[in-house]
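Trainee: Next up is a structure, given as structure tokens.
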Amino acid sequence: MRRILVTGGGSGIGRAVARAFADDGDAVTITGRHAEALAETDNGRGMTCRTSDITDEASVNALFDTPFDVVVANAGTGKVGKVKKTSLADWNAQLAVNLTGTFLTFRGALQGMETGGRLIAIASVASLKGQANIAAYSAAKHGVLGLVRSLAHEVARDGITVNAVCPHYVDTPMADRAAAGVAARFDMTQDEAVAQLVADNPVGRLISVDEVASAVRYLASPDAAMINGHALSMSGGMV
């Protein structure tokens with residue numbers, strides 16, 4: 001039975017990933033800031049739920065009092081805004097969660113991870129392509145991909161792989177908030193705003209959380225042992 005850790009497990013992609021591993025029979029630990037959301041993710045599956053602040057070094061280190069075989073750094077946040085209107089506090093907050101949180105998670109995981117271990121970051125298509133009004137988010141996610149690619153070289157000889165999944169807009173509360181912002185700005189309906197968000201995705205729809213979970217499960221499998229330092233684009237061909 002593999003030991004799995006998923007950060008940001010209280011909703012969205014993290015919830016789907018955690019449930020997929022639990023349904024496979026793995027021993028899953030989920031972490032996040034809100035105990036109630038973690039319990040809802042578990043919903044009787046027998047997961048271990050631990051509240052944690054992914055930006056706090058001591059809080060993250062405490063998660064690794066036991067080693068894990070697979071660690072999924074999923075916790076993330078995003079805020080839309082032009083650079084000239086982005087405060088330093090907003091800039092630092094997005095880097096702290098998206099980039100520093102991933103660094104702390106991976107560093108902690110490596111203290112006890114053994115051969116065959118898997119480190120997987122939920123990055124974004126914004127790791128691969130810039131876009132207006134998300135400079136802070138895109139910079140943080142580009143940083144995540146740099147971390148993944150560099151760390152992959154450090155640990156390859158230890159039999160550990162490090163990869164990133166880079167989805168376009170996923171059908172999650174974060175996408176709902178992004179669409180609501182577009183709708184308010186351009187006087188659109190929510191459905192029209194969603195269509196605007198996915199307009200540059202050739203498939204033309206939101207990605208499901210289960211599709212992302214399937215990609216994570218593959219990268220965590222023995223079949224993916226030679227995939228290392230890879231950015232798996234889930235964008236319908238956009239990137």
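Letters for chains follow the order of the structure tokens (A, B, ...), residue numbers begin at 1 for each chain, and ligand numbers begin at 1 in the order shown.
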If we count only C-alpha atoms, what is near range 155-161 of chain A at a cut-off of 6 Å, once residues fewer than 3 positions away on the same chain are taken out, given as a VMD selection string?

Mentor: chain A and resid 115 to 118 152 228

Trainee: Pick out the residues sitting within 10 Å of Gly14 in chain A, and hand them over as a PDB file with all heavy atoms, in the first residue's frame; count only C-alpha atoms, and ignore anything fewer than 2 positions along from it in its own chain.

Mentor:
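And here is the file that came out, result02.pdb:
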ATOM      1  N   VAL A   6      -1.402  14.650  -0.404  1.00  0.00           N
ATOM      2  CA  VAL A   6      -1.929  15.638  -1.340  1.00  0.00           C
ATOM      3  C   VAL A   6      -2.161  16.932  -0.580  1.00  0.00           C
ATOM      4  O   VAL A   6      -2.961  16.968   0.373  1.00  0.00           O
ATOM      5  CB  VAL A   6      -3.256  15.169  -1.980  1.00  0.00           C
ATOM      6  CG1 VAL A   6      -3.761  16.218  -2.970  1.00  0.00           C
ATOM      7  CG2 VAL A   6      -3.078  13.823  -2.672  1.00  0.00           C
ATOM      8  N   THR A   7      -1.475  17.992  -0.970  1.00  0.00           N
ATOM      9  CA  THR A   7      -1.725  19.293  -0.349  1.00  0.00           C
ATOM     10  C   THR A   7      -2.891  19.969  -1.066  1.00  0.00           C
ATOM     11  O   THR A   7      -3.194  19.674  -2.219  1.00  0.00           O
ATOM     12  CB  THR A   7      -0.487  20.204  -0.401  1.00  0.00           C
ATOM     13  OG1 THR A   7      -0.220  20.600  -1.749  1.00  0.00           O
ATOM     14  CG2 THR A   7       0.731  19.496   0.172  1.00  0.00           C
ATOM     15  N   GLY A   8      -3.540  20.887  -0.354  1.00  0.00           N
ATOM     16  CA  GLY A   8      -4.716  21.529  -0.937  1.00  0.00           C
ATOM     17  C   GLY A   8      -5.811  20.521  -1.221  1.00  0.00           C
ATOM     18  O   GLY A   8      -6.489  20.589  -2.243  1.00  0.00           O
ATOM     19  N   GLY A   9      -5.993  19.582  -0.295  1.00  0.00           N
ATOM     20  CA  GLY A   9      -6.914  18.470  -0.537  1.00  0.00           C
ATOM     21  C   GLY A   9      -8.361  18.748  -0.207  1.00  0.00           C
ATOM     22  O   GLY A   9      -9.188  17.840  -0.282  1.00  0.00           O
ATOM     23  N   GLY A  10      -8.679  19.995   0.151  1.00  0.00           N
ATOM     24  CA  GLY A  10     -10.037  20.285   0.585  1.00  0.00           C
ATOM     25  C   GLY A  10     -11.033  20.593  -0.502  1.00  0.00           C
ATOM     26  O   GLY A  10     -12.234  20.701  -0.231  1.00  0.00           O
ATOM     27  N   SER A  11     -10.585  20.731  -1.739  1.00  0.00           N
ATOM     28  CA  SER A  11     -11.513  21.071  -2.818  1.00  0.00           C
ATOM     29  C   SER A  11     -10.843  20.852  -4.170  1.00  0.00           C
ATOM     30  O   SER A  11      -9.652  20.565  -4.252  1.00  0.00           O
ATOM     31  CB  SER A  11     -11.974  22.538  -2.715  1.00  0.00           C
ATOM     32  OG  SER A  11     -10.878  23.417  -2.925  1.00  0.00           O
ATOM     33  N   GLY A  12     -11.634  20.984  -5.225  1.00  0.00           N
ATOM     34  CA  GLY A  12     -11.120  21.039  -6.585  1.00  0.00           C
ATOM     35  C   GLY A  12     -10.241  19.884  -6.987  1.00  0.00           C
ATOM     36  O   GLY A  12     -10.558  18.707  -6.766  1.00  0.00           O
ATOM     37  N   ALA A  16     -10.182  15.657  -5.987  1.00  0.00           N
ATOM     38  CA  ALA A  16     -10.307  14.589  -6.982  1.00  0.00           C
ATOM     39  C   ALA A  16      -9.094  13.670  -6.960  1.00  0.00           C
ATOM     40  O   ALA A  16      -9.225  12.441  -7.066  1.00  0.00           O
ATOM     41  CB  ALA A  16     -10.495  15.191  -8.369  1.00  0.00           C
ATOM     42  N   VAL A  17      -7.895  14.247  -6.827  1.00  0.00           N
ATOM     43  CA  VAL A  17      -6.675  13.443  -6.791  1.00  0.00           C
ATOM     44  C   VAL A  17      -6.662  12.548  -5.562  1.00  0.00           C
ATOM     45  O   VAL A  17      -6.370  11.339  -5.642  1.00  0.00           O
ATOM     46  CB  VAL A  17      -5.429  14.359  -6.812  1.00  0.00           C
ATOM     47  CG1 VAL A  17      -4.167  13.571  -6.494  1.00  0.00           C
ATOM     48  CG2 VAL A  17      -5.299  15.049  -8.164  1.00  0.00           C
ATOM     49  N   ALA A  18      -6.991  13.121  -4.410  1.00  0.00           N
ATOM     50  CA  ALA A  18      -6.991  12.338  -3.177  1.00  0.00           C
ATOM     51  C   ALA A  18      -7.995  11.197  -3.240  1.00  0.00           C
ATOM     52  O   ALA A  18      -7.693  10.057  -2.841  1.00  0.00           O
ATOM     53  CB  ALA A  18      -7.305  13.255  -1.991  1.00  0.00           C
ATOM     54  N   ARG A  19      -9.182  11.467  -3.735  1.00  0.00           N
ATOM     55  CA  ARG A  19     -10.202  10.418  -3.827  1.00  0.00           C
ATOM     56  C   ARG A  19      -9.792   9.329  -4.810  1.00  0.00           C
ATOM     57  O   ARG A  19     -10.058   8.141  -4.585  1.00  0.00           O
ATOM     58  CB  ARG A  19     -11.547  11.032  -4.221  1.00  0.00           C
ATOM     59  CG  ARG A  19     -12.199  11.819  -3.099  1.00  0.00           C
ATOM     60  CD  ARG A  19     -13.522  12.441  -3.535  1.00  0.00           C
ATOM     61  NE  ARG A  19     -14.230  13.043  -2.404  1.00  0.00           N
ATOM     62  CZ  ARG A  19     -15.369  13.713  -2.499  1.00  0.00           C
ATOM     63  NH1 ARG A  19     -15.931  13.867  -3.706  1.00  0.00           N
ATOM     64  NH2 ARG A  19     -15.952  14.214  -1.439  1.00  0.00           N
ATOM     65  N   ALA A  20      -9.132   9.710  -5.900  1.00  0.00           N
ATOM     66  CA  ALA A  20      -8.694   8.711  -6.879  1.00  0.00           C
ATOM     67  C   ALA A  20      -7.687   7.753  -6.259  1.00  0.00           C
ATOM     68  O   ALA A  20      -7.781   6.524  -6.432  1.00  0.00           O
ATOM     69  CB  ALA A  20      -8.095   9.410  -8.102  1.00  0.00           C
ATOM     70  N   ILE A  30      -4.363  13.966   3.425  1.00  0.00           N
ATOM     71  CA  ILE A  30      -4.668  15.234   2.782  1.00  0.00           C
ATOM     72  C   ILE A  30      -4.446  16.358   3.773  1.00  0.00           C
ATOM     73  O   ILE A  30      -4.628  16.194   4.983  1.00  0.00           O
ATOM     74  CB  ILE A  30      -6.117  15.289   2.237  1.00  0.00           C
ATOM     75  CG1 ILE A  30      -7.132  14.888   3.313  1.00  0.00           C
ATOM     76  CG2 ILE A  30      -6.252  14.425   1.001  1.00  0.00           C
ATOM     77  CD1 ILE A  30      -8.582  15.046   2.858  1.00  0.00           C
ATOM     78  N   THR A  31      -4.032  17.493   3.246  1.00  0.00           N
ATOM     79  CA  THR A  31      -3.790  18.648   4.093  1.00  0.00           C
ATOM     80  C   THR A  31      -4.375  19.898   3.472  1.00  0.00           C
ATOM     81  O   THR A  31      -4.511  20.000   2.248  1.00  0.00           O
ATOM     82  CB  THR A  31      -2.280  18.825   4.356  1.00  0.00           C
ATOM     83  OG1 THR A  31      -2.075  19.917   5.241  1.00  0.00           O
ATOM     84  CG2 THR A  31      -1.526  19.081   3.064  1.00  0.00           C
ATOM     85  N   GLY A  32      -4.724  20.836   4.315  1.00  0.00           N
ATOM     86  CA  GLY A  32      -5.289  22.101   3.904  1.00  0.00           C
ATOM     87  C   GLY A  32      -5.559  22.938   5.133  1.00  0.00           C
ATOM     88  O   GLY A  32      -5.310  22.514   6.262  1.00  0.00           O
ATOM     89  N   LEU A  38     -11.569  19.206   4.461  1.00  0.00           N
ATOM     90  CA  LEU A  38     -10.815  17.959   4.371  1.00  0.00           C
ATOM     91  C   LEU A  38     -11.707  16.767   4.703  1.00  0.00           C
ATOM     92  O   LEU A  38     -11.656  15.725   4.024  1.00  0.00           O
ATOM     93  CB  LEU A  38      -9.615  17.989   5.314  1.00  0.00           C
ATOM     94  CG  LEU A  38      -8.546  19.056   5.031  1.00  0.00           C
ATOM     95  CD1 LEU A  38      -7.481  19.034   6.117  1.00  0.00           C
ATOM     96  CD2 LEU A  38      -7.910  18.861   3.655  1.00  0.00           C
ATOM     97  N   THR A  41     -13.820  15.945   1.780  1.00  0.00           N
ATOM     98  CA  THR A  41     -13.060  15.199   0.770  1.00  0.00           C
ATOM     99  C   THR A  41     -12.988  13.722   1.128  1.00  0.00           C
ATOM    100  O   THR A  41     -13.217  12.850   0.293  1.00  0.00           O
ATOM    101  CB  THR A  41     -11.632  15.764   0.642  1.00  0.00           C
ATOM    102  OG1 THR A  41     -11.682  17.096   0.127  1.00  0.00           O
ATOM    103  CG2 THR A  41     -10.780  14.904  -0.290  1.00  0.00           C
ATOM    104  N   VAL A  72       1.916  15.028  -3.835  1.00  0.00           N
ATOM    105  CA  VAL A  72       1.316  15.888  -4.854  1.00  0.00           C
ATOM    106  C   VAL A  72       1.184  17.289  -4.266  1.00  0.00           C
ATOM    107  O   VAL A  72       0.398  17.525  -3.340  1.00  0.00           O
ATOM    108  CB  VAL A  72      -0.060  15.358  -5.294  1.00  0.00           C
ATOM    109  CG1 VAL A  72      -0.633  16.251  -6.399  1.00  0.00           C
ATOM    110  CG2 VAL A  72       0.047  13.915  -5.767  1.00  0.00           C
ATOM    111  N   ALA A  73       1.973  18.215  -4.790  1.00  0.00           N
ATOM    112  CA  ALA A  73       1.931  19.614  -4.350  1.00  0.00           C
ATOM    113  C   ALA A  73       0.859  20.327  -5.162  1.00  0.00           C
ATOM    114  O   ALA A  73       1.103  20.792  -6.276  1.00  0.00           O
ATOM    115  CB  ALA A  73       3.288  20.272  -4.535  1.00  0.00           C
ATOM    116  N   ASN A  74      -0.327  20.381  -4.606  1.00  0.00           N
ATOM    117  CA  ASN A  74      -1.476  20.908  -5.329  1.00  0.00           C
ATOM    118  C   ASN A  74      -1.934  22.267  -4.822  1.00  0.00           C
ATOM    119  O   ASN A  74      -2.556  23.021  -5.576  1.00  0.00           O
ATOM    120  CB  ASN A  74      -2.636  19.911  -5.222  1.00  0.00           C
ATOM    121  CG  ASN A  74      -3.961  20.529  -5.616  1.00  0.00           C
ATOM    122  OD1 ASN A  74      -4.232  20.760  -6.788  1.00  0.00           O
ATOM    123  ND2 ASN A  74      -4.795  20.826  -4.620  1.00  0.00           N
ATOM    124  N   ALA A  75      -1.656  22.605  -3.575  1.00  0.00           N
ATOM    125  CA  ALA A  75      -2.177  23.845  -2.998  1.00  0.00           C
ATOM    126  C   ALA A  75      -1.779  25.040  -3.860  1.00  0.00           C
ATOM    127  O   ALA A  75      -0.618  25.189  -4.245  1.00  0.00           O
ATOM    128  CB  ALA A  75      -1.657  24.016  -1.574  1.00  0.00           C
ATOM    129  N   GLY A  76      -2.745  25.883  -4.175  1.00  0.00           N
ATOM    130  CA  GLY A  76      -2.466  27.034  -5.010  1.00  0.00           C
ATOM    131  C   GLY A  76      -3.517  28.105  -4.870  1.00  0.00           C
ATOM    132  O   GLY A  76      -4.598  27.877  -4.320  1.00  0.00           O
ATOM    133  N   ILE A 122       1.098  20.269  -9.215  1.00  0.00           N
ATOM    134  CA  ILE A 122       0.010  20.759 -10.055  1.00  0.00           C
ATOM    135  C   ILE A 122       0.376  22.186 -10.424  1.00  0.00           C
ATOM    136  O   ILE A 122       0.228  23.117  -9.625  1.00  0.00           O
ATOM    137  CB  ILE A 122      -1.345  20.707  -9.334  1.00  0.00           C
ATOM    138  CG1 ILE A 122      -1.634  19.277  -8.847  1.00  0.00           C
ATOM    139  CG2 ILE A 122      -2.448  21.185 -10.275  1.00  0.00           C
ATOM    140  CD1 ILE A 122      -1.688  18.232  -9.948  1.00  0.00           C
ATOM    141  N   VAL A 209     -11.880  17.775 -13.166  1.00  0.00           N
ATOM    142  CA  VAL A 209     -10.911  17.418 -12.125  1.00  0.00           C
ATOM    143  C   VAL A 209     -10.506  15.959 -12.238  1.00  0.00           C
ATOM    144  O   VAL A 209      -9.358  15.596 -11.916  1.00  0.00           O
ATOM    145  CB  VAL A 209     -11.472  17.717 -10.725  1.00  0.00           C
ATOM    146  CG1 VAL A 209     -11.598  19.219 -10.496  1.00  0.00           C
ATOM    147  CG2 VAL A 209     -12.794  17.016 -10.472  1.00  0.00           C
ATOM    148  N   VAL A 212      -7.600  15.557 -14.621  1.00  0.00           N
ATOM    149  CA  VAL A 212      -6.327  15.909 -13.999  1.00  0.00           C
ATOM    150  C   VAL A 212      -5.875  14.796 -13.055  1.00  0.00           C
ATOM    151  O   VAL A 212      -4.702  14.418 -13.027  1.00  0.00           O
ATOM    152  CB  VAL A 212      -6.437  17.248 -13.249  1.00  0.00           C
ATOM    153  CG1 VAL A 212      -5.094  17.608 -12.617  1.00  0.00           C
ATOM    154  CG2 VAL A 212      -6.886  18.367 -14.192  1.00  0.00           C
ATOM    155  N   ALA A 213      -6.812  14.255 -12.294  1.00  0.00           N
ATOM    156  CA  ALA A 213      -6.477  13.167 -11.374  1.00  0.00           C
ATOM    157  C   ALA A 213      -5.919  11.964 -12.124  1.00  0.00           C
ATOM    158  O   ALA A 213      -4.982  11.301 -11.647  1.00  0.00           O
ATOM    159  CB  ALA A 213      -7.703  12.764 -10.561  1.00  0.00           C
TER     160      ALA A 213
END

Trainee: Would you mind writing down, as an MDAnalysis selection string, each residue of range 139-220 of chain A that DSSP on the backbone assigns to alpha helix (DSSP H)?

Mentor: chainID A and resid 139:155 173:186 190:197 209:219

Trainee: Within 9 Å of Ile134 in chain A, counting only C-alpha atoms, which residues show up once you throw out same-chain ones fewer than 5 positions away? Write them as a compact mmCIF listing (two decimals) with all heavy atoms, in the first residue's frame, please.

Mentor:
# COMPACT_ATOMS: atom_id res chain seq x y z
N GLY A 78 -4.83 32.08 -6.94
CA GLY A 78 -4.65 32.97 -8.07
C GLY A 78 -5.48 34.22 -7.90
O GLY A 78 -6.56 34.18 -7.30
N LYS A 79 -4.98 35.33 -8.41
CA LYS A 79 -5.71 36.58 -8.37
C LYS A 79 -5.43 37.35 -9.65
O LYS A 79 -4.27 37.53 -10.04
CB LYS A 79 -5.31 37.41 -7.15
CG LYS A 79 -6.14 38.66 -6.96
CD LYS A 79 -5.82 39.34 -5.63
CE LYS A 79 -6.71 40.56 -5.42
NZ LYS A 79 -6.43 41.23 -4.12
N VAL A 80 -6.49 37.78 -10.30
CA VAL A 80 -6.36 38.51 -11.57
C VAL A 80 -6.03 39.97 -11.28
O VAL A 80 -6.55 40.57 -10.34
CB VAL A 80 -7.66 38.41 -12.37
CG1 VAL A 80 -7.59 39.27 -13.63
CG2 VAL A 80 -7.95 36.96 -12.74
N GLY A 81 -5.14 40.54 -12.09
CA GLY A 81 -4.83 41.95 -11.94
C GLY A 81 -3.67 42.37 -12.82
O GLY A 81 -2.73 41.62 -13.04
N LYS A 82 -3.75 43.57 -13.35
CA LYS A 82 -2.66 44.12 -14.13
C LYS A 82 -1.46 44.40 -13.22
O LYS A 82 -1.62 44.71 -12.04
CB LYS A 82 -3.10 45.40 -14.83
CG LYS A 82 -4.16 45.20 -15.90
CD LYS A 82 -4.49 46.50 -16.59
CE LYS A 82 -5.56 46.30 -17.67
NZ LYS A 82 -5.11 45.39 -18.74
N VAL A 83 -0.26 44.31 -13.77
CA VAL A 83 0.94 44.51 -12.98
C VAL A 83 0.93 45.87 -12.29
O VAL A 83 1.26 45.99 -11.11
CB VAL A 83 2.20 44.35 -13.85
CG1 VAL A 83 3.44 44.84 -13.10
CG2 VAL A 83 2.39 42.89 -14.25
N ALA A 126 -0.18 28.24 -17.33
CA ALA A 126 0.51 29.51 -17.09
C ALA A 126 1.98 29.29 -16.74
O ALA A 126 2.74 30.25 -16.66
CB ALA A 126 -0.18 30.28 -15.97
N ALA A 139 4.12 34.07 -13.06
CA ALA A 139 5.51 34.07 -12.60
C ALA A 139 5.73 32.97 -11.57
O ALA A 139 6.75 32.26 -11.61
CB ALA A 139 5.86 35.43 -12.00

Trainee: For the atom pair CA of Pro173 in chain A and CA of Leu88 in chain A, what is the interatomic distance in Å to one decimal place?

Mentor: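 Result for CA of Pro173 in chain A versus CA of Leu88 in chain A: 24.9 Å, one decimal.
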
Trainee: Point out the residue among A:Arg15, A:Asp53, A:Ala184, A:Asp26 with the least atom-to-atom distance to Glu40 in chain A, counting only C-alpha atoms.

Mentor: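 Comparing A:Arg15, A:Asp53, A:Ala184, A:Asp26 against Glu40 in chain A, the winner is A:Arg15.
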
Trainee: Residues at most 12 Å from Arg107 in chain A, counting only C-alpha atoms, excluding those fewer than 2 positions away in the same chain, as a list in words?

Mentor: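 So the residues in contact are Glu57, Val60, Asn61, Leu63, Phe64, Val71, Ala73, Thr100, Gly101, Thr102, Phe103, Leu104, Thr105, Ala109, Leu110, Gln111, Gly112, Met113, Leu119, Leu147, Val148, Leu151, Glu154, Val155 and Val162 of chain A.
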
Trainee: With only C-alpha atoms as the atoms that count, which of A:Ala231, A:Ala220, A:Cys166, A:Ala136 lies nearest to Val70 in chain A?

Mentor: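 Of all the options, A:Ala220 lies closest to Val70 in chain A.
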
Trainee: Find the residues around Ser138 in chain A up to 12 Å (only C-alpha atoms counted), leave out those fewer than 3 positions away in its own chain, and share them as a PyMOL selection string.

Mentor: chain A and resi 76-81+83+91+94-95+98-99+123-135+141-145+166

Trainee: Compile the contact shell of Gly181 in chain A as a list of chain:residue names: residues with an atom at most 12 Å away, counting only C-alpha atoms, same-chain residues fewer than 4 positions apart removed.

Mentor: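 Close residues of Gly181 in chain A: A:Lys79, A:Val80, A:Gly81, A:Asn133, A:Met174, A:Ala175, A:Asp176, A:Arg177, A:Arg185, A:Phe186, A:Asp187, A:Met188, A:Thr189, A:Gln190, A:Glu192, A:Ala193, A:Val194, A:Gln196, A:Leu197.
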
Trainee: Include N, CA and C atoms and write out the residues we just selected as a short mmCIF file (atom, residue, chain, number, x, y, z; two decimals), in the first residue's frame.

Mentor:
data_model
loop_
_atom_site.label_atom_id
_atom_site.label_comp_id
_atom_site.auth_asym_id
_atom_site.auth_seq_id
_atom_site.Cartn_x
_atom_site.Cartn_y
_atom_site.Cartn_z
N LYS A 79 -4.98 35.33 -8.41
CA LYS A 79 -5.71 36.58 -8.37
C LYS A 79 -5.43 37.35 -9.65
N VAL A 80 -6.49 37.78 -10.30
CA VAL A 80 -6.36 38.51 -11.57
C VAL A 80 -6.03 39.97 -11.28
N GLY A 81 -5.14 40.54 -12.09
CA GLY A 81 -4.83 41.95 -11.94
C GLY A 81 -3.67 42.37 -12.82
N ASN A 133 -2.85 40.02 -17.35
CA ASN A 133 -3.63 40.14 -16.11
C ASN A 133 -3.42 39.02 -15.11
N MET A 174 -12.01 27.82 -8.33
CA MET A 174 -11.10 28.86 -8.79
C MET A 174 -11.50 29.35 -10.18
N ALA A 175 -11.87 28.42 -11.05
CA ALA A 175 -12.33 28.82 -12.38
C ALA A 175 -13.66 29.57 -12.30
N ASP A 176 -14.51 29.16 -11.37
CA ASP A 176 -15.78 29.87 -11.18
C ASP A 176 -15.52 31.33 -10.80
N ARG A 177 -14.55 31.55 -9.92
CA ARG A 177 -14.23 32.91 -9.50
C ARG A 177 -13.64 33.71 -10.64
N ARG A 185 -16.70 42.24 -15.29
CA ARG A 185 -15.94 43.26 -16.00
C ARG A 185 -16.54 43.58 -17.36
N PHE A 186 -17.06 42.56 -18.03
CA PHE A 186 -17.54 42.75 -19.40
C PHE A 186 -19.05 42.61 -19.54
N ASP A 187 -19.74 42.60 -18.40
CA ASP A 187 -21.21 42.53 -18.40
C ASP A 187 -21.69 41.31 -19.19
N MET A 188 -21.15 40.14 -18.83
CA MET A 188 -21.51 38.88 -19.46
C MET A 188 -22.27 38.01 -18.46
N THR A 189 -22.89 36.97 -18.98
CA THR A 189 -23.40 35.92 -18.11
C THR A 189 -22.22 35.04 -17.68
N GLN A 190 -22.43 34.21 -16.67
CA GLN A 190 -21.37 33.30 -16.22
C GLN A 190 -20.99 32.33 -17.33
N GLU A 192 -21.21 32.79 -20.56
CA GLU A 192 -20.46 33.52 -21.59
C GLU A 192 -19.02 33.77 -21.13
N ALA A 193 -18.86 34.02 -19.85
CA ALA A 193 -17.52 34.25 -19.31
C ALA A 193 -16.68 32.98 -19.35
N VAL A 194 -17.28 31.85 -19.04
CA VAL A 194 -16.56 30.57 -19.13
C VAL A 194 -16.12 30.33 -20.57
N GLN A 196 -15.41 32.51 -22.73
CA GLN A 196 -14.30 33.41 -22.97
C GLN A 196 -13.00 32.84 -22.42
N LEU A 197 -13.08 32.23 -21.24
CA LEU A 197 -11.88 31.67 -20.60
C LEU A 197 -11.28 30.53 -21.42
#
